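Shown next, in structure tokens, is the structure this report addresses.
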Amino acid sequence: MLEKLQQLEERYEKLTQLISDPEVISNQSEWKKHTKAHAALEEVVLVYREYRQILQNRQDNEELLANNQDPEFGELIQADLEELRERETKLESSLKVLLLPKDPHDEKNVIIEIRGGTGGEEAALFAADLLRIYTRYAEKKHWKVELLSANYTDIGGFKEVIVMIEGKGAYSRLKFESGVHRVQRVPTTESGGRIHTSAATVAVLPEAEEVDIEIDPNEIRVDIFCSSGPGGQSVNTTQSAVRITHIPTGIVVSCQDEKSQHKNKDKAMKVLRARLLEKAQEEQMGEMASVRRVMVGSGDRSERIRTYNFPQGRVTDHRIGLTSYRLEEVLLGELDEFIDALITSDQAEKLKTVDS
């Protein structure tokens, strides 16, 4: 591990020199590439430097203790040594996590697709609840939320809704939300006061840039039609809604929320690129996933991941067995308790693989 860290520090120092070189600065594309690489290494290098200093301090104190004749001074050295060993252990754990292979999509924006599942109108209302949770969570992180597509129901729910969330590290924080979310409550449409169980599926996709997924214009069919649903006077009168079909895969994406046909096409292409990237990843990971299933789940949309129980005010994440009785806070976007635990669990599982 120390050899690897030394190599990273040398690379970091070289990049530090490069991004200060006037010749490199004059080439903005090169400078940006080196700056990004420099920023990616900064945290692990700073932690490594502190770790190395702690090791040196511990060695110095151990030598002092070995040559010390003063019992009182010896106690002070011993107390300092205990603190140093404790800090050393924590930094060592942090370095192991920092050296884990990074998900290349972690810093990307995300596209979240939410669909009402079993439960009819109640499932559609729950889909709307999930959208509010993610929107409020994004607001707390100062991320931007953009509606890409929505298929509304008559009472304010969603058969399907797609949004983009733009912000640093959005995918790293939200990627574990993919799967089936279940709700247990008395529906507003239920007159008998019986508790129903409904579900909605969530898919979290990293935004795919054009450089990630290149789409051949000859492989898509674009259909233009009149929009439907809430939207005012332009609904059903303006040919602005866009449906894009990717012919090789059969993936179909529709967007009708903008009055501009051009904007609807741009949004639909964003969703199409994200779905094609997801498909490519699934094919690439298929063999690996069959060998080992990570603790936090495969991210498969068919997998039940979390239950929101309203009568008990309880939220349970089934992948890590975490239950919280803070349902009201979760509905207001307080998701960090679950997200932090899922990230920790994922890191622990990856560390097992590295150590084995």
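In the structure tokens, chains take the letters A, B, ... in the order shown, each chain's residues start at 1, and ligands count up from 1 in the order shown.
Within 12 Å of segment 9-14 of chain A there are Leu2, Glu3, Lys4, Leu5, Leu18, Ile19, Ser20, Asp21, His34, Thr35, Lys36, Ala37, His38, Ala39, Ala40, Leu41, Glu42, Glu43, Val44, Val45, Leu46, Val47, Tyr48, Arg49 and Arg52 of chain A, counting only C-alpha atoms and ignoring same-chain residues fewer than 4 positions away.
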Could you turn the residues from that selection into a file that holds C-alpha atoms, as a CSV table (one decimal), in the first residue's frame?
chain,number,residue,atom,x,y,z
A,2,LEU,CA,2.8,2.4,0.9
A,3,GLU,CA,4.5,1.9,-2.4
A,4,LYS,CA,1.3,2.7,-4.3
A,5,LEU,CA,0.8,5.8,-2.2
A,18,LEU,CA,2.5,21.0,-14.9
A,19,ILE,CA,-0.6,23.1,-13.9
A,20,SER,CA,1.8,26.0,-13.0
A,21,ASP,CA,3.7,25.8,-16.3
A,34,HIS,CA,-4.2,18.0,-15.7
A,35,THR,CA,-6.1,20.1,-13.2
A,36,LYS,CA,-8.9,17.5,-13.0
A,37,ALA,CA,-6.3,14.7,-12.4
A,38,HIS,CA,-4.6,16.8,-9.8
A,39,ALA,CA,-7.8,17.4,-7.9
A,40,ALA,CA,-8.7,13.7,-8.0
A,41,LEU,CA,-5.4,12.9,-6.3
A,42,GLU,CA,-5.4,15.7,-3.7
A,43,GLU,CA,-7.4,14.0,-0.9
A,44,VAL,CA,-5.5,10.7,-0.9
A,45,VAL,CA,-2.1,12.5,-1.1
A,46,LEU,CA,-3.0,14.8,1.8
A,47,VAL,CA,-4.2,11.9,4.0
A,48,TYR,CA,-1.0,9.9,3.0
A,49,ARG,CA,1.2,12.8,4.1
A,52,ARG,CA,3.5,9.4,7.1
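The environment of Tyr51 of chain A within 9 Å, counting only C-alpha atoms and disregarding residues fewer than 6 places along the same chain, consists of Arg87, Glu88, Leu91, Glu92 and Leu95 of chain A.
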Which of segment 147-338 of chain A fall in strand (DSSP E), as a ChimeraX atom specification: /A:147-152,158-166,179-185,196-206,220-225,241-246,251-255,304-309,314-317,322-324
Alpha helix (DSSP H) call set, DSSP backbone run, segment 73-208 of chain A, as a ChimeraX atom specification: /A:73-98,121-140,170-174
Test item: residues at most 8 Å from Lys159 of chain A, only C-alpha atoms, excluding those fewer than 4 positions along its chain, as a ChimeraX atom specification: /A:115-116,124,127,150-153
Once you have the residues from the selection above, write them out as a PDB file, in the first residue's frame, restricted to C-alpha atoms.
ATOM      1  CA  ARG A 115     -42.556   4.830 -12.303  1.00  0.00           C
ATOM      2  CA  GLY A 116     -45.677   3.908 -10.374  1.00  0.00           C
ATOM      3  CA  ALA A 124     -48.710   6.908  -8.849  1.00  0.00           C
ATOM      4  CA  ALA A 127     -44.116   8.073  -7.257  1.00  0.00           C
ATOM      5  CA  ALA A 150     -43.805  13.418 -16.960  1.00  0.00           C
ATOM      6  CA  ASN A 151     -46.896  11.281 -17.448  1.00  0.00           C
ATOM      7  CA  TYR A 152     -49.455  12.569 -14.936  1.00  0.00           C
ATOM      8  CA  THR A 153     -52.533  10.921 -13.441  1.00  0.00           C
TER       9      THR A 153
END
Which residues are close to Ile343 of chain A, i.e. within 12 Å by only C-alpha atoms, leaving aside same-chain residues fewer than 5 positions away? Reply as a PDB file with C-alpha atoms, in the first residue's frame.
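Ended up saving to result-v3.pdb:
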ATOM      1  CA  VAL A  97     -10.975   3.240   1.129  1.00  0.00           C
ATOM      2  CA  ASP A 106     -19.445   9.190  -9.487  1.00  0.00           C
ATOM      3  CA  TYR A 171     -24.410  10.081  -8.972  1.00  0.00           C
ATOM      4  CA  SER A 172     -22.121   8.990  -6.133  1.00  0.00           C
ATOM      5  CA  ARG A 173     -24.803   9.960  -3.601  1.00  0.00           C
ATOM      6  CA  LEU A 174     -27.934   8.800  -5.446  1.00  0.00           C
ATOM      7  CA  LYS A 175     -26.877   5.662  -7.317  1.00  0.00           C
ATOM      8  CA  PHE A 176     -28.016   3.303  -4.547  1.00  0.00           C
ATOM      9  CA  GLU A 177     -31.621   4.567  -4.875  1.00  0.00           C
ATOM     10  CA  VAL A 294     -22.527  -6.802  -3.479  1.00  0.00           C
ATOM     11  CA  MET A 295     -24.290  -6.173  -0.179  1.00  0.00           C
ATOM     12  CA  VAL A 296     -26.010  -2.968  -1.246  1.00  0.00           C
ATOM     13  CA  GLY A 297     -27.755  -4.748  -4.087  1.00  0.00           C
ATOM     14  CA  ARG A 319     -30.215  -4.283   1.767  1.00  0.00           C
ATOM     15  CA  ILE A 320     -28.379  -3.281   4.934  1.00  0.00           C
ATOM     16  CA  ASP A 336     -28.110  11.126   4.276  1.00  0.00           C
ATOM     17  CA  GLU A 337     -28.577   8.599   7.097  1.00  0.00           C
ATOM     18  CA  PHE A 338     -29.410   5.920   4.510  1.00  0.00           C
ATOM     19  CA  ALA A 348     -16.705  -2.529   3.358  1.00  0.00           C
ATOM     20  CA  GLU A 349     -17.775  -5.131   0.800  1.00  0.00           C
ATOM     21  CA  LYS A 350     -15.187  -3.893  -1.705  1.00  0.00           C
TER      22      LYS A 350
END
